[in-house]
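Asks: Take a look at this one; I'll ask things after.
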Amino acid sequence: MEAAAAAEGDEAAVALEQRLAAGGQGHVLRFWSELGGAARRALVEELRDMDVAEINRFFRRAREDGGGSGAAVELDRRMEPVPRDVLGSACRDRGLLPRWESRGLAEIAGSRVAALLLAGGQGTRLGVPYPKGMCDVGLPSRKTLFHLQAQRLRRLQQLAEEQHGTPCHIPWYIMTSGRTMESTKEFFLKHHYFGLKKENIIFFQQGMLPALGFDGKILLEEKGKIAMAPDGNGGLYRALGAHSIVDDMERRGVQSVHVYCVDNILVKVADPRFIGFCLEKEADCGAKVVEKTNPMEPVGVVCRVDGVYQVVEYSEISLATAQKRGPDGRLLFNAGNIANHYFTTAFLKDVVNTYEPRLQHHVAEKKIPHVDIATGQLIQPEKPNGIKMEKFVFDIFQFSKKFVVYEVLREDEFSPLKNADSQNGKDNPTTARHALMSLHHCWVLNAGGHFVDENGTRIPAIPRRCWYLNFSSHLCGEHARLD
């Protein structure tokens with residue numbers, strides 16, 4: 001290729017071209033001569049901080065670690081279920097719940113607990129052009145996911161203050177992606193931070209990585225634009241270091257951090273029972289889980305592999321292993337991961353400073369629209385043509401010195417929003433709305449209330465397990481209401 005950048009006499013572009021060429025990625029400047037001034041500046045800006053050698057290294061390591069069916073069979077033999085001594089259960093440990101709750105609320109009252117929201121996802125699969133947290137699932141109140149979570153944080157602060165008599169706050173760290181940062185910040189500003197103090201809401205951005213062809217070459221989204229993708233929710237740890245977030249937590253006196261994903265409409269943000277359980281167990285890392293509904297449910301399971309805790313994806317487990325049951329008749333590997341975690345600030349600091357560089361990228365083969373380098377035409381592939389590399393938030397379980405698992409009821413705490421209503425009828429706005437309405441319906445019944453129809457006739461209650469919800473109903477305020 002003729003040195004397009006050099007022909008322009010631009011020293012920065014010349015240096016950039018040399019760096020890209022040295023890393024085998026010089027093709028990304030193939031269309032430089034066709035770009036206008038603004039497009040050239042944007043491309044240079046996009047490439048300026050891109051470490052080509054590091055990306056090539058990520059690609060080699062990720063491909064080498066790909067594994068195969070033989071590796072999956074071997075993994076089966078090395079798996080062990082979560083032992084009872086590290087497991088807390090909202091069902092089986094009812095008598096301990098008040099103690100854990102009290103311990104957690106005391107930490108919150110001391111302003112030693114923070115919430116960290118993973119909010120980098122766009123609502124593409126939902127059919128909307130904005131971040132998932134801005135989604136309205138059709139509640140009577142029209143509250144969005146962001147609004148619901150902010151409301152829960154406010155009420156939790158109030159409860160802690162009422163019980164302990166001292167003002168407190170729960171810092172809310174919100175990790176966005178490059179595509180969601182500005183719209184998320186504008187949304188919070190527009191809604192006056194949902195009644196929370198602006199200084200206690202900290203936005204920061206996860207990293208991005210280029211999409212690569214199967215040959216490791218960077219793909220172009222446009223002639224002057226790299227095909228980029230967020231580096232997965234496990235990109236959290238590099239972002240914590242890059243934006244000095246752990247330093248900020250230490251300055252605020254935060255010792256416990258609740259990390260969760262934006263798309264779970266039932267999430268108990270900074271759940272004091274979960275916090276209290278982890279503190280009582282002196283854990284540095286904890287995972288909240290729900291029991292798998294059936295052996296083939298497509299959800300990863302928390303377990304031990306070679307004595308080390310990790311999440312094993314459902315696709316990596318054989319049917320025979322997935323169907324194994326214990327003496328009580330429950331699935332042996334039943335701890336379904338819901339991306340809901342507890343970390344001490346000290347553990348996060350160790351991860352950022354020591355362990356993050358050891359994390360391997362996971363490879364996802366994707367159909368990636370791209371510009372053909374030879375013709376300049378935009379290609380819309382019909383089958384996977386490249387990869388996106390990402391890390392997962394649970395990849396750091398392996399470094400924990402004291403890991404625990406907390407099991408909760410699915411109908412009380414987990415209803416993800418992933419698909420549009422027009423798709424497969426699962427994990428969509430309708431199911432999310434029904435899950436929250438059902439939960440609130442239960443709160444009303446648990447508080448001694450009842451429902452009537454338009455004629456004032458009392459509606460018979462639908463039986464449901466409500467004993468667990470005594471604390472949760474307080475989060476609604478003085479009077480339970482349906483959102």
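Letters A, B, ... mark the chains of the structure tokens in the order given; residue numbers begin at 1 per chain; ligand numbers begin at 1, in order shown.
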Please give the complete set of residues from segment 183-292 of chain A that DSSP, run on the backbone, assigns to alpha helix (DSSP H), formatted as a PyMOL selection string.

Replies: chain A and resi 183-190+236-242+245-252+272-280

Asks: Would you kindly return, as a list in words, each protein, DNA or RNA residue with an atom no farther than 9 Å from any atom of Gly110 of chain A, considering only C-alpha atoms and excluding same-chain residues fewer than 2 positions away?

Replies: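 Everything that qualifies: Leu105, Ala106, Glu107, Ile108, Arg112, Val113, Ala160, His164, Thr166, Pro167, Cys168, His169 and Gly253 of chain A.
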
Asks: With distances taken over only C-alpha atoms, which residue among A:Pro295, A:Arg63, A:Val302, A:Asp215 lies nearest Ala320 of chain A?

Replies: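 Ranking A:Pro295, A:Arg63, A:Val302, A:Asp215 by distance to Ala320 of chain A, first place goes to A:Pro295.
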
Asks: Using DSSP on the backbone coordinates, identify the residues of segment 203-379 of chain A assigned to strand (DSSP E or B); present them as a ChimeraX atom specification.

Replies: /A:203-205,208-210,212-213,218,220-222,225-226,228-230,256-261,264,285-291,301-305,308-312,325,331,335-344,362-366,370-371,378-379

Asks: Which is closer to Arg152 of chain A than all the others in A:Leu266, A:Met228, A:Ala239, A:Leu220, using only C-alpha atoms?

Replies: A:Leu266

Asks: Segment 333-428 of chain A near segment 271-287 of chain A within 10 Å: what's each residue's closest atom pair and its distance in Å to one decimal, counting only C-alpha atoms, ordered by chain then ascending residue number, as CSV?

Replies:
```
residue,atom,partner,partner_atom,distance
A:Ala335,CA,A:Ala287,CA,9.5
A:Gly336,CA,A:Ala287,CA,9.8
A:Asn337,CA,A:Ala287,CA,7.6
A:Ile338,CA,A:Ala287,CA,8.3
A:Ala339,CA,A:Ala287,CA,7.7
A:Asn340,CA,A:Ala287,CA,6.1
A:His341,CA,A:Ala287,CA,4.6
A:Tyr342,CA,A:Gly286,CA,4.7
A:Phe343,CA,A:Cys285,CA,4.6
A:Thr344,CA,A:Asp284,CA,5.1
A:Thr345,CA,A:Asp284,CA,8.4
A:Ala346,CA,A:Asp284,CA,7.9
A:Phe347,CA,A:Asp284,CA,6.0
A:Leu348,CA,A:Asp284,CA,8.9
A:Phe394,CA,A:Ala287,CA,8.6
A:Ile396,CA,A:Cys285,CA,8.9
A:Phe397,CA,A:Cys285,CA,7.0
A:Gln398,CA,A:Cys285,CA,9.9
A:Phe399,CA,A:Cys285,CA,9.1
A:Ser400,CA,A:Cys285,CA,6.1
A:Lys401,CA,A:Asp284,CA,6.8
A:Lys402,CA,A:Ala283,CA,4.8
A:Phe403,CA,A:Cys285,CA,5.1
A:Val404,CA,A:Gly286,CA,4.7
A:Val405,CA,A:Ala287,CA,4.9
A:Tyr406,CA,A:Ala287,CA,6.2
A:Glu407,CA,A:Ala287,CA,8.5
A:Val408,CA,A:Phe274,CA,9.6
```

Asks: Please list as an mmCIF file with N, CA, C and O atoms, in the first residue's frame every residue within 12 Å of Gly26 of chain A, counting only C-alpha atoms and excluding residues in the same chain fewer than 3 positions away.

Replies:
```
data_model
loop_
_atom_site.group_PDB
_atom_site.id
_atom_site.type_symbol
_atom_site.label_atom_id
_atom_site.label_comp_id
_atom_site.auth_asym_id
_atom_site.auth_seq_id
_atom_site.Cartn_x
_atom_site.Cartn_y
_atom_site.Cartn_z
ATOM 1 N N MET A 1 0.843 -1.192 0.000
ATOM 2 C CA MET A 1 0.000 0.000 0.000
ATOM 3 C C MET A 1 0.879 1.243 0.000
ATOM 4 O O MET A 1 1.804 1.358 0.791
ATOM 5 N N GLU A 2 0.586 2.208 -0.852
ATOM 6 C CA GLU A 2 1.340 3.454 -0.867
ATOM 7 C C GLU A 2 1.058 4.209 0.409
ATOM 8 O O GLU A 2 -0.041 4.198 0.936
ATOM 9 N N ALA A 3 2.041 4.868 0.955
ATOM 10 C CA ALA A 3 1.901 5.506 2.262
ATOM 11 C C ALA A 3 0.947 6.691 2.166
ATOM 12 O O ALA A 3 1.350 7.824 1.942
ATOM 13 N N ALA A 4 -0.329 6.405 2.367
ATOM 14 C CA ALA A 4 -1.357 7.434 2.226
ATOM 15 C C ALA A 4 -1.168 8.549 3.225
ATOM 16 O O ALA A 4 -1.264 9.727 2.908
ATOM 17 N N ALA A 5 -0.873 8.155 4.461
ATOM 18 C CA ALA A 5 -0.724 9.173 5.489
ATOM 19 C C ALA A 5 0.491 10.043 5.213
ATOM 20 O O ALA A 5 0.456 11.255 5.369
ATOM 21 N N ALA A 13 0.155 11.485 11.520
ATOM 22 C CA ALA A 13 -0.393 10.395 10.717
ATOM 23 C C ALA A 13 0.706 9.452 10.249
ATOM 24 O O ALA A 13 0.513 8.236 10.172
ATOM 25 N N VAL A 14 1.886 10.027 9.937
ATOM 26 C CA VAL A 14 3.024 9.207 9.511
ATOM 27 C C VAL A 14 3.426 8.256 10.635
ATOM 28 O O VAL A 14 3.618 7.051 10.432
ATOM 29 N N ALA A 15 3.550 8.805 11.854
ATOM 30 C CA ALA A 15 3.935 7.983 13.002
ATOM 31 C C ALA A 15 2.887 6.917 13.277
ATOM 32 O O ALA A 15 3.206 5.766 13.595
ATOM 33 N N LEU A 16 1.631 7.307 13.100
ATOM 34 C CA LEU A 16 0.540 6.362 13.322
ATOM 35 C C LEU A 16 0.604 5.237 12.300
ATOM 36 O O LEU A 16 0.470 4.046 12.648
ATOM 37 N N GLU A 17 0.837 5.583 11.035
ATOM 38 C CA GLU A 17 0.919 4.569 9.989
ATOM 39 C C GLU A 17 2.058 3.594 10.259
ATOM 40 O O GLU A 17 1.904 2.377 10.098
ATOM 41 N N GLN A 18 3.197 4.117 10.708
ATOM 42 C CA GLN A 18 4.343 3.254 10.992
ATOM 43 C C GLN A 18 4.039 2.295 12.139
ATOM 44 O O GLN A 18 4.402 1.121 12.090
ATOM 45 N N ARG A 19 3.347 2.808 13.174
ATOM 46 C CA ARG A 19 3.012 1.966 14.323
ATOM 47 C C ARG A 19 2.030 0.872 13.931
ATOM 48 O O ARG A 19 2.165 -0.288 14.335
ATOM 49 N N LEU A 20 1.042 1.218 13.128
ATOM 50 C CA LEU A 20 0.060 0.237 12.677
ATOM 51 C C LEU A 20 0.705 -0.812 11.776
ATOM 52 O O LEU A 20 0.439 -2.012 11.902
ATOM 53 N N ALA A 21 1.550 -0.360 10.882
ATOM 54 C CA ALA A 21 2.217 -1.284 9.958
ATOM 55 C C ALA A 21 3.106 -2.261 10.712
ATOM 56 O O ALA A 21 3.156 -3.450 10.394
ATOM 57 N N ALA A 22 3.803 -1.760 11.746
ATOM 58 C CA ALA A 22 4.680 -2.625 12.533
ATOM 59 C C ALA A 22 3.888 -3.729 13.235
ATOM 60 O O ALA A 22 4.403 -4.827 13.466
ATOM 61 N N GLY A 23 2.623 -3.441 13.537
ATOM 62 C CA GLY A 23 1.779 -4.434 14.197
ATOM 63 C C GLY A 23 0.921 -5.229 13.227
ATOM 64 O O GLY A 23 0.018 -5.959 13.657
ATOM 65 N N LEU A 29 -5.664 2.190 7.423
ATOM 66 C CA LEU A 29 -5.510 3.492 6.764
ATOM 67 C C LEU A 29 -5.654 3.379 5.243
ATOM 68 O O LEU A 29 -5.314 4.306 4.510
ATOM 69 N N ARG A 30 -6.180 2.285 4.798
ATOM 70 C CA ARG A 30 -6.310 2.012 3.360
ATOM 71 C C ARG A 30 -7.084 3.111 2.640
ATOM 72 O O ARG A 30 -6.770 3.460 1.492
ATOM 73 N N PHE A 31 -8.053 3.707 3.292
ATOM 74 C CA PHE A 31 -8.921 4.684 2.607
ATOM 75 C C PHE A 31 -8.628 6.118 3.055
ATOM 76 O O PHE A 31 -9.463 7.005 2.878
ATOM 77 N N TRP A 32 -7.457 6.334 3.626
ATOM 78 C CA TRP A 32 -7.081 7.660 4.127
ATOM 79 C C TRP A 32 -7.260 8.756 3.076
ATOM 80 O O TRP A 32 -7.784 9.841 3.367
ATOM 81 N N LEU A 47 -7.479 6.011 16.936
ATOM 82 C CA LEU A 47 -6.318 5.117 16.913
ATOM 83 C C LEU A 47 -5.180 5.553 17.820
ATOM 84 O O LEU A 47 -4.293 4.752 18.116
ATOM 85 N N VAL A 52 -1.649 -1.487 19.586
ATOM 86 C CA VAL A 52 -1.767 -2.547 18.587
ATOM 87 C C VAL A 52 -1.085 -3.829 19.045
ATOM 88 O O VAL A 52 -1.623 -4.932 18.871
ATOM 89 N N LYS A 217 -7.022 -9.454 11.967
ATOM 90 C CA LYS A 217 -6.976 -8.112 11.401
ATOM 91 C C LYS A 217 -8.137 -7.263 11.925
ATOM 92 O O LYS A 217 -9.280 -7.735 12.009
ATOM 93 N N ILE A 218 -7.854 -6.011 12.272
ATOM 94 C CA ILE A 218 -8.876 -5.084 12.737
ATOM 95 C C ILE A 218 -9.876 -4.815 11.618
ATOM 96 O O ILE A 218 -9.484 -4.564 10.466
ATOM 97 N N LEU A 219 -11.158 -4.848 11.946
ATOM 98 C CA LEU A 219 -12.213 -4.602 10.961
ATOM 99 C C LEU A 219 -12.626 -3.130 10.984
ATOM 100 O O LEU A 219 -12.616 -2.481 12.033
ATOM 101 N N LEU A 220 -13.001 -2.616 9.818
ATOM 102 C CA LEU A 220 -13.492 -1.247 9.690
ATOM 103 C C LEU A 220 -15.014 -1.237 9.619
ATOM 104 O O LEU A 220 -15.614 -1.963 8.830
ATOM 105 N N ILE A 373 -11.685 -4.399 2.525
ATOM 106 C CA ILE A 373 -10.465 -3.620 2.292
ATOM 107 C C ILE A 373 -10.118 -3.541 0.800
ATOM 108 O O ILE A 373 -9.600 -2.531 0.321
#
```

Asks: Of the candidates A:Lys132, A:Arg238, A:Arg94, A:Lys143, which shows the shortest atom-to-atom distance to Met208 of chain A, using only C-alpha atoms?

Replies: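 Answer, going by the shortest atom-to-atom distance: A:Arg238.
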
Asks: Name the residues in contact with Arg61 of chain A at a cut-off of 10 Å, using only C-alpha atoms, excluding same-chain residues fewer than 6 positions from it; report them as a ChimeraX atom specification.

Replies: /A:55,360-362

Asks: Just write the chosen residues, N, CA and C atoms, as a PDB file, in the first residue's frame.

Replies:
```pdb
ATOM      1  N   ILE A  55      -3.317  -5.550  21.496  1.00  0.00           N
ATOM      2  CA  ILE A  55      -4.472  -6.174  20.846  1.00  0.00           C
ATOM      3  C   ILE A  55      -4.063  -7.474  20.158  1.00  0.00           C
ATOM      4  N   GLN A 360      -7.965 -13.666  31.132  1.00  0.00           N
ATOM      5  CA  GLN A 360      -8.018 -14.014  29.723  1.00  0.00           C
ATOM      6  C   GLN A 360      -9.286 -13.436  29.079  1.00  0.00           C
ATOM      7  N   HIS A 361      -9.183 -13.057  27.823  1.00  0.00           N
ATOM      8  CA  HIS A 361     -10.364 -12.638  27.075  1.00  0.00           C
ATOM      9  C   HIS A 361     -11.141 -13.866  26.599  1.00  0.00           C
ATOM     10  N   HIS A 362     -12.447 -13.744  26.619  1.00  0.00           N
ATOM     11  CA  HIS A 362     -13.315 -14.767  26.040  1.00  0.00           C
ATOM     12  C   HIS A 362     -13.632 -14.348  24.608  1.00  0.00           C
TER      13      HIS A 362
END
```

Asks: Rounded to one decimal place, report the atom CA of Asp306 of chain A-atom CA of Arg78 of chain A distance in Å.

Replies: 5.7 Å

Asks: For segment 119-168 of chain A against segment 175-198 of chain A, with a cut-off of 10 Å and counting only C-alpha atoms, what is the closest atom pair and its distance in Å to one decimal for every residue that makes the cut, ordered by chain and number, as JSON lines?

Replies:
```
{"residue": "A:Ala119", "atom": "CA", "partner": "A:Thr176", "partner_atom": "CA", "distance": 5.0}
{"residue": "A:Gly120", "atom": "CA", "partner": "A:Thr176", "partner_atom": "CA", "distance": 4.0}
{"residue": "A:Gly121", "atom": "CA", "partner": "A:Ser177", "partner_atom": "CA", "distance": 7.3}
{"residue": "A:Gln122", "atom": "CA", "partner": "A:Thr180", "partner_atom": "CA", "distance": 6.9}
{"residue": "A:Gly123", "atom": "CA", "partner": "A:Thr180", "partner_atom": "CA", "distance": 10.0}
{"residue": "A:Tyr130", "atom": "CA", "partner": "A:Thr180", "partner_atom": "CA", "distance": 7.4}
{"residue": "A:Pro131", "atom": "CA", "partner": "A:Thr180", "partner_atom": "CA", "distance": 5.8}
{"residue": "A:Lys132", "atom": "CA", "partner": "A:Thr180", "partner_atom": "CA", "distance": 9.2}
{"residue": "A:Gly133", "atom": "CA", "partner": "A:Thr184", "partner_atom": "CA", "distance": 8.1}
{"residue": "A:Met134", "atom": "CA", "partner": "A:Phe187", "partner_atom": "CA", "distance": 7.7}
{"residue": "A:Phe146", "atom": "CA", "partner": "A:Phe188", "partner_atom": "CA", "distance": 8.5}
{"residue": "A:His147", "atom": "CA", "partner": "A:Phe194", "partner_atom": "CA", "distance": 6.4}
{"residue": "A:Leu148", "atom": "CA", "partner": "A:Phe194", "partner_atom": "CA", "distance": 9.2}
{"residue": "A:Gln149", "atom": "CA", "partner": "A:Phe194", "partner_atom": "CA", "distance": 9.5}
{"residue": "A:Ala150", "atom": "CA", "partner": "A:Phe194", "partner_atom": "CA", "distance": 6.3}
{"residue": "A:Gln151", "atom": "CA", "partner": "A:Phe194", "partner_atom": "CA", "distance": 7.2}
{"residue": "A:Leu153", "atom": "CA", "partner": "A:Leu196", "partner_atom": "CA", "distance": 8.5}
{"residue": "A:Arg154", "atom": "CA", "partner": "A:Leu196", "partner_atom": "CA", "distance": 6.8}
```

Asks: Could you tell me how far atom CA of Thr375 of chain A lies from atom CA of Glu390 of chain A, in Å and to one decimal?

Replies: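 Taking atom CA of Thr375 of chain A as the start and atom CA of Glu390 of chain A as the end point, the length is 29.7 Å.
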
Asks: Give me, please, the distance in Å between atom CA of Asp372 of chain A and atom CA of Lys225 of chain A, quoted to one decimal.

Replies: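 Spanning atom CA of Asp372 of chain A to atom CA of Lys225 of chain A is a straight-line distance of 12.8 Å.
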
Asks: Quick one: everything within 8 Å of Met389 of chain A, counting only C-alpha atoms, minus sequence neighbours fewer than 2 positions away in the same chain. Send it as a PDB file with all heavy atoms, in the first residue's frame.

Replies:
```
ATOM      1  N   PHE A  59      -5.409 -11.234  21.070  1.00  0.00           N
ATOM      2  CA  PHE A  59      -5.961 -12.149  20.061  1.00  0.00           C
ATOM      3  C   PHE A  59      -5.285 -13.510  20.142  1.00  0.00           C
ATOM      4  O   PHE A  59      -5.950 -14.553  20.145  1.00  0.00           O
ATOM      5  CB  PHE A  59      -5.775 -11.545  18.662  1.00  0.00           C
ATOM      6  CG  PHE A  59      -6.190 -12.464  17.553  1.00  0.00           C
ATOM      7  CD1 PHE A  59      -7.525 -12.655  17.248  1.00  0.00           C
ATOM      8  CD2 PHE A  59      -5.235 -13.153  16.796  1.00  0.00           C
ATOM      9  CE1 PHE A  59      -7.918 -13.505  16.217  1.00  0.00           C
ATOM     10  CE2 PHE A  59      -5.608 -13.998  15.778  1.00  0.00           C
ATOM     11  CZ  PHE A  59      -6.953 -14.179  15.487  1.00  0.00           C
ATOM     12  N   ALA A  62      -6.333 -15.330  23.353  1.00  0.00           N
ATOM     13  CA  ALA A  62      -7.738 -15.731  23.328  1.00  0.00           C
ATOM     14  C   ALA A  62      -7.948 -16.937  22.423  1.00  0.00           C
ATOM     15  O   ALA A  62      -8.694 -17.866  22.762  1.00  0.00           O
ATOM     16  CB  ALA A  62      -8.609 -14.560  22.869  1.00  0.00           C
ATOM     17  N   LEU A 209     -12.678  -2.394  22.591  1.00  0.00           N
ATOM     18  CA  LEU A 209     -11.694  -3.138  21.817  1.00  0.00           C
ATOM     19  C   LEU A 209     -12.190  -3.255  20.381  1.00  0.00           C
ATOM     20  O   LEU A 209     -13.400  -3.342  20.138  1.00  0.00           O
ATOM     21  CB  LEU A 209     -11.496  -4.543  22.395  1.00  0.00           C
ATOM     22  CG  LEU A 209     -10.690  -4.657  23.696  1.00  0.00           C
ATOM     23  CD1 LEU A 209     -10.740  -6.084  24.210  1.00  0.00           C
ATOM     24  CD2 LEU A 209      -9.252  -4.207  23.479  1.00  0.00           C
ATOM     25  N   ALA A 211     -13.162  -4.971  16.869  1.00  0.00           N
ATOM     26  CA  ALA A 211     -13.569  -6.290  16.379  1.00  0.00           C
ATOM     27  C   ALA A 211     -12.513  -6.760  15.392  1.00  0.00           C
ATOM     28  O   ALA A 211     -11.952  -5.965  14.628  1.00  0.00           O
ATOM     29  CB  ALA A 211     -14.931  -6.204  15.710  1.00  0.00           C
ATOM     30  N   ASP A 231     -15.479  -3.968  26.053  1.00  0.00           N
ATOM     31  CA  ASP A 231     -14.633  -5.112  26.392  1.00  0.00           C
ATOM     32  C   ASP A 231     -15.260  -6.060  27.420  1.00  0.00           C
ATOM     33  O   ASP A 231     -14.555  -6.769  28.127  1.00  0.00           O
ATOM     34  CB  ASP A 231     -13.254  -4.635  26.870  1.00  0.00           C
ATOM     35  CG  ASP A 231     -13.323  -3.667  28.051  1.00  0.00           C
ATOM     36  OD1 ASP A 231     -14.438  -3.364  28.520  1.00  0.00           O
ATOM     37  OD2 ASP A 231     -12.256  -3.213  28.503  1.00  0.00           O
ATOM     38  N   GLY A 232     -16.598  -6.085  27.480  1.00  0.00           N
ATOM     39  CA  GLY A 232     -17.306  -7.001  28.366  1.00  0.00           C
ATOM     40  C   GLY A 232     -17.449  -6.435  29.767  1.00  0.00           C
ATOM     41  O   GLY A 232     -16.744  -5.497  30.149  1.00  0.00           O
ATOM     42  N   HIS A 361      -9.183 -13.057  27.823  1.00  0.00           N
ATOM     43  CA  HIS A 361     -10.364 -12.638  27.075  1.00  0.00           C
ATOM     44  C   HIS A 361     -11.141 -13.866  26.599  1.00  0.00           C
ATOM     45  O   HIS A 361     -10.559 -14.883  26.239  1.00  0.00           O
ATOM     46  CB  HIS A 361      -9.975 -11.793  25.858  1.00  0.00           C
ATOM     47  CG  HIS A 361      -9.586 -10.399  26.204  1.00  0.00           C
ATOM     48  ND1 HIS A 361      -8.285 -10.049  26.521  1.00  0.00           N
ATOM     49  CD2 HIS A 361     -10.312  -9.265  26.308  1.00  0.00           C
ATOM     50  CE1 HIS A 361      -8.232  -8.753  26.789  1.00  0.00           C
ATOM     51  NE2 HIS A 361      -9.447  -8.254  26.664  1.00  0.00           N
ATOM     52  N   HIS A 362     -12.447 -13.744  26.619  1.00  0.00           N
ATOM     53  CA  HIS A 362     -13.315 -14.767  26.040  1.00  0.00           C
ATOM     54  C   HIS A 362     -13.632 -14.348  24.608  1.00  0.00           C
ATOM     55  O   HIS A 362     -13.809 -13.160  24.317  1.00  0.00           O
ATOM     56  CB  HIS A 362     -14.611 -14.896  26.839  1.00  0.00           C
ATOM     57  CG  HIS A 362     -14.380 -15.193  28.295  1.00  0.00           C
ATOM     58  ND1 HIS A 362     -14.359 -16.475  28.803  1.00  0.00           N
ATOM     59  CD2 HIS A 362     -14.139 -14.368  29.349  1.00  0.00           C
ATOM     60  CE1 HIS A 362     -14.132 -16.433  30.103  1.00  0.00           C
ATOM     61  NE2 HIS A 362     -13.997 -15.160  30.462  1.00  0.00           N
ATOM     62  N   VAL A 363     -13.705 -15.310  23.724  1.00  0.00           N
ATOM     63  CA  VAL A 363     -13.942 -15.030  22.308  1.00  0.00           C
ATOM     64  C   VAL A 363     -15.390 -15.332  21.937  1.00  0.00           C
ATOM     65  O   VAL A 363     -15.908 -16.410  22.249  1.00  0.00           O
ATOM     66  CB  VAL A 363     -12.995 -15.873  21.426  1.00  0.00           C
ATOM     67  CG1 VAL A 363     -13.370 -15.736  19.959  1.00  0.00           C
ATOM     68  CG2 VAL A 363     -11.551 -15.444  21.635  1.00  0.00           C
ATOM     69  N   ALA A 364     -16.034 -14.371  21.299  1.00  0.00           N
ATOM     70  CA  ALA A 364     -17.386 -14.577  20.778  1.00  0.00           C
ATOM     71  C   ALA A 364     -17.339 -14.384  19.268  1.00  0.00           C
ATOM     72  O   ALA A 364     -16.972 -13.300  18.782  1.00  0.00           O
ATOM     73  CB  ALA A 364     -18.357 -13.596  21.410  1.00  0.00           C
ATOM     74  N   ILE A 387     -14.439 -11.938  15.338  1.00  0.00           N
ATOM     75  CA  ILE A 387     -14.602 -12.146  16.774  1.00  0.00           C
ATOM     76  C   ILE A 387     -14.641 -10.813  17.518  1.00  0.00           C
ATOM     77  O   ILE A 387     -14.110  -9.797  17.068  1.00  0.00           O
ATOM     78  CB  ILE A 387     -13.462 -13.005  17.364  1.00  0.00           C
ATOM     79  CG1 ILE A 387     -12.124 -12.255  17.282  1.00  0.00           C
ATOM     80  CG2 ILE A 387     -13.370 -14.353  16.666  1.00  0.00           C
ATOM     81  CD1 ILE A 387     -11.015 -12.902  18.090  1.00  0.00           C
ATOM     82  N   LYS A 391     -14.028  -9.704  28.579  1.00  0.00           N
ATOM     83  CA  LYS A 391     -13.819 -10.338  29.873  1.00  0.00           C
ATOM     84  C   LYS A 391     -15.138 -10.306  30.631  1.00  0.00           C
ATOM     85  O   LYS A 391     -15.999  -9.470  30.358  1.00  0.00           O
ATOM     86  CB  LYS A 391     -12.726  -9.600  30.654  1.00  0.00           C
ATOM     87  CG  LYS A 391     -11.351  -9.675  30.000  1.00  0.00           C
ATOM     88  CD  LYS A 391     -10.312  -8.868  30.770  1.00  0.00           C
ATOM     89  CE  LYS A 391      -8.944  -8.957  30.099  1.00  0.00           C
ATOM     90  NZ  LYS A 391      -7.919  -8.145  30.802  1.00  0.00           N
TER      91      LYS A 391
END
```

Asks: Which residues are close to segment 34-38 of chain A, i.e. within 9 Å by only C-alpha atoms, leaving aside same-chain residues fewer than 5 positions away? Reply as a ChimeraX atom specification.

Replies: /A:43,223-224
